[in-house]
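Step one of this worksheet: look at the structure below.
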Amino acid sequence: MTKTEFLDTVTAQVRCKRVRPVIGEELEQHISDQAREYEREGLEAKTAEEKAVAEMGDPVEIGVELDRVHRPRMSWGIVALTGLIAVAGLFFWAVFLGGVSAGPGERVELLRYAFRQHILASLIGFPLMLVVCLADYSFLGKHAKGIALVFLLLLYGGTLLGGRQLYSGPVFFLFGGVSIHAAALIWLYLPIFGALLYVYRGGGWSAVGKLVLWGLAGILYPRMLGGQFSLALIFGLALAALFSLAVLKGWYRIRKKPVLGTFWGLVLGVPLALIVSVHLGLLPSGADSAYSYRMQRLLSFAGEGDESYQTQMAGELLDHSRLLGGSPEGMTFAVESLPGYQTDYSFTSLIAVFGIFGGVLVMTALLLLIAGIFRISLTQKNQLGVTVGCAAGLALFVQTLESILMNLGLFPPTSATLPFFSLGGTGQIVIYLLIGIALSVCRYQNILREEPRRADCGERESVFRIRLGRGVLTYERRNEPRGV
Amino acid sequence: MDRALIAGSMGMMILRLLEEKDMYGYEMIDTLRKRSENVFELKAGTLYPLLHSLEEKRYLTSYEEEVLGKVRKYYRITREGRKHLAARKEEWKQYSRAVGNVLAIG
């Protein structure tokens, strides 16, 4: 058997086509090493190769064994948990609707409409998640800059040209009969940013500067939608966390600790200083109305001034909730007196339906799902998978966290989305898309190949580097493998 | 001999080799052959599926590196791999002590 025949037979057994060249090259390398050894012992080239091939063993058997290792992995646990939580969300609103059906007609009608939208979004989103999962996410890494650019252009351009503000509320894009909630789309930029982090790997300060610009391009979008300050804040936090992860992994030629220290000092320090100075009365409430409004909100959150109406109502509802089981009075109260009970304050509504114990149980399931996504992503060998998968996890995590904190009165009242439980169309579909991306990262973990590592990112240390026109001459020293 | 037992002990030996330094497949077979005085003739056909499955279990990671114009796939032991090896070694010691004790009777 010739070398080519042998390699073809082995790789033919491996069903996943993407992994075939990787296996082929490794085995070919081995055969030629062995053949050279036989030639050195005095065999003729052709005989040496034949002997080396025979030495390898049965190609079908090897191929079948390799196929077993390199098949796409479906994370059925995540799929099942997602399905379970989605059903819990639908069940929750069905019970809620049943509980308040005798309430004020117009509001119940609105709720019924929103619930229908939510069901529709789930029916579209869940299969969409599975489709995304089957798609190979590595194209994100190959065309990250192009995808980011097109995404931002569509988002900003679409908002300028086709954005409609409904009842001075959120901005929607209207396409025929379909309306898309603009702000929810921004979360899709997070995995794209994860891919950008990967693309700029190996760069120095200029790469970091570009990444900051890419990040700002995303953070500024909620501002464009008319001062969605809280969204910009939590989205910015998610971006910052993702960026820190990449820095910690040593992707850029910068000093990790001072950079991260300064970075987080700014990220956390500035808002903190603002809150403290408001608390101490050091900052005047400005003349600009948006600024003044924000100051009022901050003041009320800092304990000065009045608590917001919504925080009060949510607090009252939570105070009267039962430990076990729902309270129909609570549901009616929510519909009548808690604006945003179906979206921003869905956690409070959830507790009115399932009781405190039920609410905690459901939230535990949601956090388990998020933890599962992080576990898959952080243990990835493929580096693109790490940031892209973590982006999906972070998007879900910061939204959940903001929502729970706000419902408990620990975050200023604003708009918040609790994944799977806040009624909505676009937000729901975006969440399924994000989980789909995480599933894809898991699915291709034993298949995608990492590019041969660059000197800057591996164990090698570059001792000096000379730039000659377009080429770079690098002298490297190889470090000993790191111990534990 | 039992297949699982062979795969298990081979896996242990590979992890042990990689504890010292990163190696590529051919290098492992060559080193093992020399060290075991030709007792362990590890077939390449057994080695590569084993390496790939150890990598899947995250006991190993691999990277490609160009050496003298050829791209070689090197394997490196991970922290989990070291832990796993320590546990297997302990089991092995117990087992061989037990066999030794039984054989020493009479």
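Convention: chains lettered A, B, ... in structure tokens order; per-chain residue numbering from 1; ligands numbered from 1 as shown.
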
Chain B contacts to chain A at 8 Å (only C-alpha atoms) as a ChimeraX atom specification: /B:21-22,25-26,43-46,48-49,52-53,56,61,63-65,72-73,79

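Those residues that approach Tyr59 in chain B to within 9 Å, counting only C-alpha atoms, are Leu15, Ser53, Leu54, Glu55, Glu56, Lys57, Thr61, Arg76, Ile77, Thr78, Arg79, Glu80, Gly81, Arg82, Lys83, His84 and Leu85 of chain B; same-chain residues fewer than 2 positions away are not listed.
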
9 Å contact set for His143 in chain A, only C-alpha atoms, chain neighbours under 4 positions out, as a ChimeraX atom specification: /A:138-139,147-148,195,199

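All residues within range 128-361 of chain A that the backbone DSSP calculation assigns to strand (DSSP E) are Gly163, Arg164, Gln165, Val171, Phe172, Phe173, Leu174, Phe175, Val178, Ser179, Ile180 and His181 of chain A.
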
How about saving the chosen residues, N, CA and C atoms kept, as a compact mmCIF listing (two decimals), in the first residue's frame?
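The resulting again.txt:
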# COMPACT_ATOMS: atom_id res chain seq x y z
N GLY A 163 -35.78 53.73 11.72
CA GLY A 163 -36.17 53.58 13.11
C GLY A 163 -37.41 54.39 13.43
N ARG A 164 -38.34 53.79 14.13
CA ARG A 164 -39.56 54.49 14.54
C ARG A 164 -39.68 54.40 16.05
N GLN A 165 -39.91 55.53 16.65
CA GLN A 165 -40.09 55.49 18.09
C GLN A 165 -41.58 55.33 18.37
N VAL A 171 -37.17 52.28 20.38
CA VAL A 171 -37.11 52.43 18.92
C VAL A 171 -37.30 51.06 18.25
N PHE A 172 -38.10 51.02 17.23
CA PHE A 172 -38.32 49.78 16.49
C PHE A 172 -37.99 49.99 15.01
N PHE A 173 -37.53 48.93 14.38
CA PHE A 173 -37.47 48.94 12.92
C PHE A 173 -38.74 48.28 12.44
N LEU A 174 -39.36 48.85 11.46
CA LEU A 174 -40.58 48.23 10.96
C LEU A 174 -40.34 47.70 9.55
N PHE A 175 -40.51 46.42 9.39
CA PHE A 175 -40.40 45.81 8.05
C PHE A 175 -41.72 45.15 7.75
N VAL A 178 -43.56 43.25 10.46
CA VAL A 178 -42.70 42.83 11.56
C VAL A 178 -42.02 44.04 12.19
N SER A 179 -42.04 44.10 13.51
CA SER A 179 -41.32 45.18 14.16
C SER A 179 -40.17 44.59 14.98
N ILE A 180 -39.00 45.20 14.84
CA ILE A 180 -37.81 44.69 15.51
C ILE A 180 -37.34 45.70 16.55
N HIS A 181 -37.17 45.23 17.76
CA HIS A 181 -36.77 46.09 18.87
C HIS A 181 -35.27 46.39 18.72

Per-residue DSSP, range 5-73 of chain B, filtered to helix (DSSP H, G or I), as a ChimeraX atom specification: /B:5-20,25-35,44-56

For N, CA and C atoms, I'd like the residues from the last selection saved as a CSV table (one decimal), in the first residue's frame.
chain,number,residue,atom,x,y,z
B,5,LEU,N,-7.2,-2.2,29.1
B,5,LEU,CA,-6.0,-2.2,30.0
B,5,LEU,C,-4.8,-1.6,29.2
B,6,ILE,N,-4.7,-2.1,27.9
B,6,ILE,CA,-3.6,-1.6,27.1
B,6,ILE,C,-3.7,-0.1,26.9
B,7,ALA,N,-4.9,0.3,26.5
B,7,ALA,CA,-5.1,1.8,26.2
B,7,ALA,C,-4.8,2.6,27.5
B,8,GLY,N,-5.2,2.0,28.6
B,8,GLY,CA,-5.0,2.7,29.9
B,8,GLY,C,-3.5,2.9,30.2
B,9,SER,N,-2.8,1.7,30.1
B,9,SER,CA,-1.4,1.8,30.5
B,9,SER,C,-0.6,2.6,29.5
B,10,MET,N,-1.0,2.5,28.2
B,10,MET,CA,-0.3,3.3,27.2
B,10,MET,C,-0.5,4.8,27.4
B,11,GLY,N,-1.7,5.1,27.7
B,11,GLY,CA,-2.0,6.5,28.0
B,11,GLY,C,-1.2,7.0,29.2
B,12,MET,N,-1.0,6.2,30.2
B,12,MET,CA,-0.2,6.5,31.3
B,12,MET,C,1.3,6.8,30.9
B,13,MET,N,1.8,5.9,30.0
B,13,MET,CA,3.2,6.0,29.6
B,13,MET,C,3.4,7.3,28.8
B,14,ILE,N,2.4,7.6,27.9
B,14,ILE,CA,2.5,8.8,27.1
B,14,ILE,C,2.5,10.0,28.0
B,15,LEU,N,1.6,10.1,28.9
B,15,LEU,CA,1.5,11.2,29.8
B,15,LEU,C,2.9,11.4,30.6
B,16,ARG,N,3.4,10.2,30.9
B,16,ARG,CA,4.7,10.2,31.7
B,16,ARG,C,5.8,10.8,30.8
B,17,LEU,N,5.8,10.4,29.5
B,17,LEU,CA,6.8,10.9,28.6
B,17,LEU,C,6.7,12.5,28.4
B,18,LEU,N,5.4,12.9,28.3
B,18,LEU,CA,5.2,14.3,28.0
B,18,LEU,C,5.4,15.2,29.3
B,19,GLU,N,5.5,14.5,30.4
B,19,GLU,CA,5.8,15.2,31.7
B,19,GLU,C,7.2,15.9,31.6
B,20,GLU,N,8.1,15.2,30.8
B,20,GLU,CA,9.4,15.7,30.7
B,20,GLU,C,9.5,16.9,29.7
B,25,GLY,N,4.4,12.9,17.7
B,25,GLY,CA,4.1,11.5,17.8
B,25,GLY,C,5.3,10.5,17.5
B,26,TYR,N,6.0,10.8,16.5
B,26,TYR,CA,7.1,9.9,16.1
B,26,TYR,C,8.2,9.9,17.2
B,27,GLU,N,8.4,11.0,17.8
B,27,GLU,CA,9.4,11.2,18.9
B,27,GLU,C,9.0,10.3,20.1
B,28,MET,N,7.7,10.2,20.3
B,28,MET,CA,7.2,9.4,21.5
B,28,MET,C,7.5,8.0,21.2
B,29,ILE,N,7.1,7.5,20.0
B,29,ILE,CA,7.3,6.1,19.7
B,29,ILE,C,8.8,5.7,19.9
B,30,ASP,N,9.6,6.6,19.3
B,30,ASP,CA,11.0,6.4,19.3
B,30,ASP,C,11.6,6.3,20.7
B,31,THR,N,11.2,7.3,21.5
B,31,THR,CA,11.6,7.4,22.9
B,31,THR,C,11.2,6.1,23.7
B,32,LEU,N,9.9,5.8,23.5
B,32,LEU,CA,9.4,4.7,24.3
B,32,LEU,C,10.1,3.4,23.9
B,33,ARG,N,10.4,3.2,22.6
B,33,ARG,CA,11.1,2.0,22.2
B,33,ARG,C,12.4,1.9,22.8
B,34,LYS,N,13.2,3.0,22.8
B,34,LYS,CA,14.5,3.0,23.4
B,34,LYS,C,14.5,2.8,24.9
B,35,ARG,N,13.5,3.5,25.5
B,35,ARG,CA,13.5,3.4,27.0
B,35,ARG,C,13.1,2.0,27.5
B,44,ALA,N,2.0,3.1,15.6
B,44,ALA,CA,1.5,4.4,15.3
B,44,ALA,C,0.0,4.4,15.2
B,45,GLY,N,-0.6,3.3,14.7
B,45,GLY,CA,-2.0,3.2,14.6
B,45,GLY,C,-2.7,3.2,15.9
B,46,THR,N,-2.1,2.8,17.0
B,46,THR,CA,-2.7,2.9,18.3
B,46,THR,C,-2.4,4.3,18.9
B,47,LEU,N,-1.2,4.8,18.6
B,47,LEU,CA,-0.8,6.1,19.2
B,47,LEU,C,-1.7,7.2,18.9
B,48,TYR,N,-1.9,7.5,17.6
B,48,TYR,CA,-2.6,8.7,17.2
B,48,TYR,C,-4.0,8.8,17.7
B,49,PRO,N,-4.8,7.7,17.6
B,49,PRO,CA,-6.2,7.8,18.2
B,49,PRO,C,-6.1,8.1,19.7
B,50,LEU,N,-5.1,7.4,20.3
B,50,LEU,CA,-5.0,7.6,21.7
B,50,LEU,C,-4.6,9.1,22.1
B,51,LEU,N,-3.7,9.6,21.3
B,51,LEU,CA,-3.3,11.0,21.6
B,51,LEU,C,-4.5,12.0,21.4
B,52,HIS,N,-5.2,11.7,20.3
B,52,HIS,CA,-6.4,12.6,20.0
B,52,HIS,C,-7.4,12.4,21.1
B,53,SER,N,-7.6,11.2,21.7
B,53,SER,CA,-8.6,11.1,22.7
B,53,SER,C,-8.1,11.7,24.0
B,54,LEU,N,-6.8,11.6,24.3
B,54,LEU,CA,-6.3,12.2,25.5
B,54,LEU,C,-6.5,13.7,25.4
B,55,GLU,N,-6.3,14.2,24.2
B,55,GLU,CA,-6.5,15.7,24.0
B,55,GLU,C,-7.9,16.1,24.2
B,56,GLU,N,-8.8,15.2,23.7
B,56,GLU,CA,-10.3,15.5,23.9
B,56,GLU,C,-10.6,15.5,25.4

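A straight line drawn from CA of Pro412 in chain A to CA of Leu434 in chain A is 26.4 Å long.
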
Can you pull out the residues contacting Ala207 in chain A? Cut-off 12 Å, using only C-alpha atoms, and skip same-chain residues under 3 positions away; I want them as a CSV table (one decimal) with N, CA and C atoms, in the first residue's frame.
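For reference, around_11.csv as written:
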chain,number,residue,atom,x,y,z
A,196,LEU,N,-13.4,40.0,17.2
A,196,LEU,CA,-12.5,41.0,16.9
A,196,LEU,C,-11.3,40.9,17.9
A,197,LEU,N,-11.6,40.6,19.1
A,197,LEU,CA,-10.5,40.4,20.1
A,197,LEU,C,-9.5,39.4,19.6
A,198,TYR,N,-10.1,38.3,19.0
A,198,TYR,CA,-9.2,37.2,18.5
A,198,TYR,C,-8.4,37.7,17.3
A,199,VAL,N,-9.0,38.5,16.4
A,199,VAL,CA,-8.4,38.9,15.2
A,199,VAL,C,-7.1,39.8,15.5
A,200,TYR,N,-7.3,40.6,16.6
A,200,TYR,CA,-6.2,41.5,16.9
A,200,TYR,C,-5.1,40.9,17.8
A,201,ARG,N,-5.2,39.6,18.0
A,201,ARG,CA,-4.3,38.9,18.8
A,201,ARG,C,-2.8,39.1,18.4
A,202,GLY,N,-1.9,39.2,19.3
A,202,GLY,CA,-0.5,39.4,18.9
A,202,GLY,C,-0.1,40.8,18.7
A,203,GLY,N,-1.1,41.7,18.7
A,203,GLY,CA,-0.8,43.1,18.5
A,203,GLY,C,-0.4,43.8,19.8
A,204,GLY,N,0.0,45.0,19.6
A,204,GLY,CA,0.4,45.8,20.8
A,204,GLY,C,-0.6,46.9,21.1
A,210,LYS,N,-7.4,50.1,18.7
A,210,LYS,CA,-8.5,49.8,17.8
A,210,LYS,C,-9.6,49.1,18.4
A,211,LEU,N,-9.3,48.2,19.3
A,211,LEU,CA,-10.3,47.4,20.0
A,211,LEU,C,-11.2,48.3,20.8
A,212,VAL,N,-10.6,49.3,21.5
A,212,VAL,CA,-11.4,50.3,22.3
A,212,VAL,C,-12.3,51.0,21.4
A,213,LEU,N,-11.8,51.4,20.2
A,213,LEU,CA,-12.7,52.1,19.3
A,213,LEU,C,-13.9,51.2,18.8
A,214,TRP,N,-13.6,50.0,18.5
A,214,TRP,CA,-14.6,49.0,18.1
A,214,TRP,C,-15.7,48.9,19.2
A,243,PHE,N,-12.9,41.9,27.1
A,243,PHE,CA,-11.6,42.5,26.8
A,243,PHE,C,-10.6,42.0,27.8
A,247,VAL,N,-7.0,40.0,27.5
A,247,VAL,CA,-5.8,40.5,28.0
A,247,VAL,C,-5.1,39.5,29.0
A,251,TRP,N,-3.1,37.9,25.0
A,251,TRP,CA,-3.2,38.0,23.6
A,251,TRP,C,-2.5,39.2,23.0
A,252,TYR,N,-2.2,40.2,23.8
A,252,TYR,CA,-1.6,41.4,23.3
A,252,TYR,C,-0.3,41.7,23.9
A,253,ARG,N,0.5,42.4,23.2
A,253,ARG,CA,1.9,42.6,23.8
A,253,ARG,C,1.8,43.9,24.7
A,254,ILE,N,1.1,43.7,25.8
A,254,ILE,CA,1.1,44.8,26.7
A,254,ILE,C,1.2,44.2,28.1

Test item: residues at most 7 Å from Ala352 in chain A, only C-alpha atoms, excluding those fewer than 3 positions along its chain, as a list in words: Ser321, Gly326, Ser327, Gly330, Met331, Thr348, Ser349 and Gly355 of chain A

Take the residues from that selection and write them out as a PDB file, in the first residue's frame, keeping N, CA and C atoms.
ATOM      1  N   SER A 321     -45.285  38.950  48.716  1.00  0.00           N
ATOM      2  CA  SER A 321     -45.289  37.681  47.993  1.00  0.00           C
ATOM      3  C   SER A 321     -45.206  36.520  48.973  1.00  0.00           C
ATOM      4  N   GLY A 326     -48.332  31.015  44.100  1.00  0.00           N
ATOM      5  CA  GLY A 326     -48.607  32.358  43.620  1.00  0.00           C
ATOM      6  C   GLY A 326     -49.696  33.059  44.408  1.00  0.00           C
ATOM      7  N   SER A 327     -49.834  34.353  44.118  1.00  0.00           N
ATOM      8  CA  SER A 327     -50.937  35.078  44.725  1.00  0.00           C
ATOM      9  C   SER A 327     -51.664  35.850  43.627  1.00  0.00           C
ATOM     10  N   GLY A 330     -51.585  39.539  43.919  1.00  0.00           N
ATOM     11  CA  GLY A 330     -50.315  40.108  43.500  1.00  0.00           C
ATOM     12  C   GLY A 330     -50.287  40.345  42.005  1.00  0.00           C
ATOM     13  N   MET A 331     -50.818  39.373  41.241  1.00  0.00           N
ATOM     14  CA  MET A 331     -50.813  39.501  39.775  1.00  0.00           C
ATOM     15  C   MET A 331     -51.675  40.672  39.356  1.00  0.00           C
ATOM     16  N   THR A 348     -40.301  40.354  39.343  1.00  0.00           N
ATOM     17  CA  THR A 348     -41.291  40.574  40.402  1.00  0.00           C
ATOM     18  C   THR A 348     -42.588  39.826  40.068  1.00  0.00           C
ATOM     19  N   SER A 349     -42.999  39.915  38.798  1.00  0.00           N
ATOM     20  CA  SER A 349     -44.206  39.196  38.378  1.00  0.00           C
ATOM     21  C   SER A 349     -44.027  37.692  38.532  1.00  0.00           C
ATOM     22  N   GLY A 355     -44.186  32.269  43.588  1.00  0.00           N
ATOM     23  CA  GLY A 355     -43.744  32.391  44.978  1.00  0.00           C
ATOM     24  C   GLY A 355     -42.235  32.563  45.023  1.00  0.00           C
TER      25      GLY A 355
END

Pick from A:Arg322, A:Arg375, A:Lys249, A:Lys51, whichever lies nearest to Gly358 in chain A using only C-alpha atoms: A:Arg322
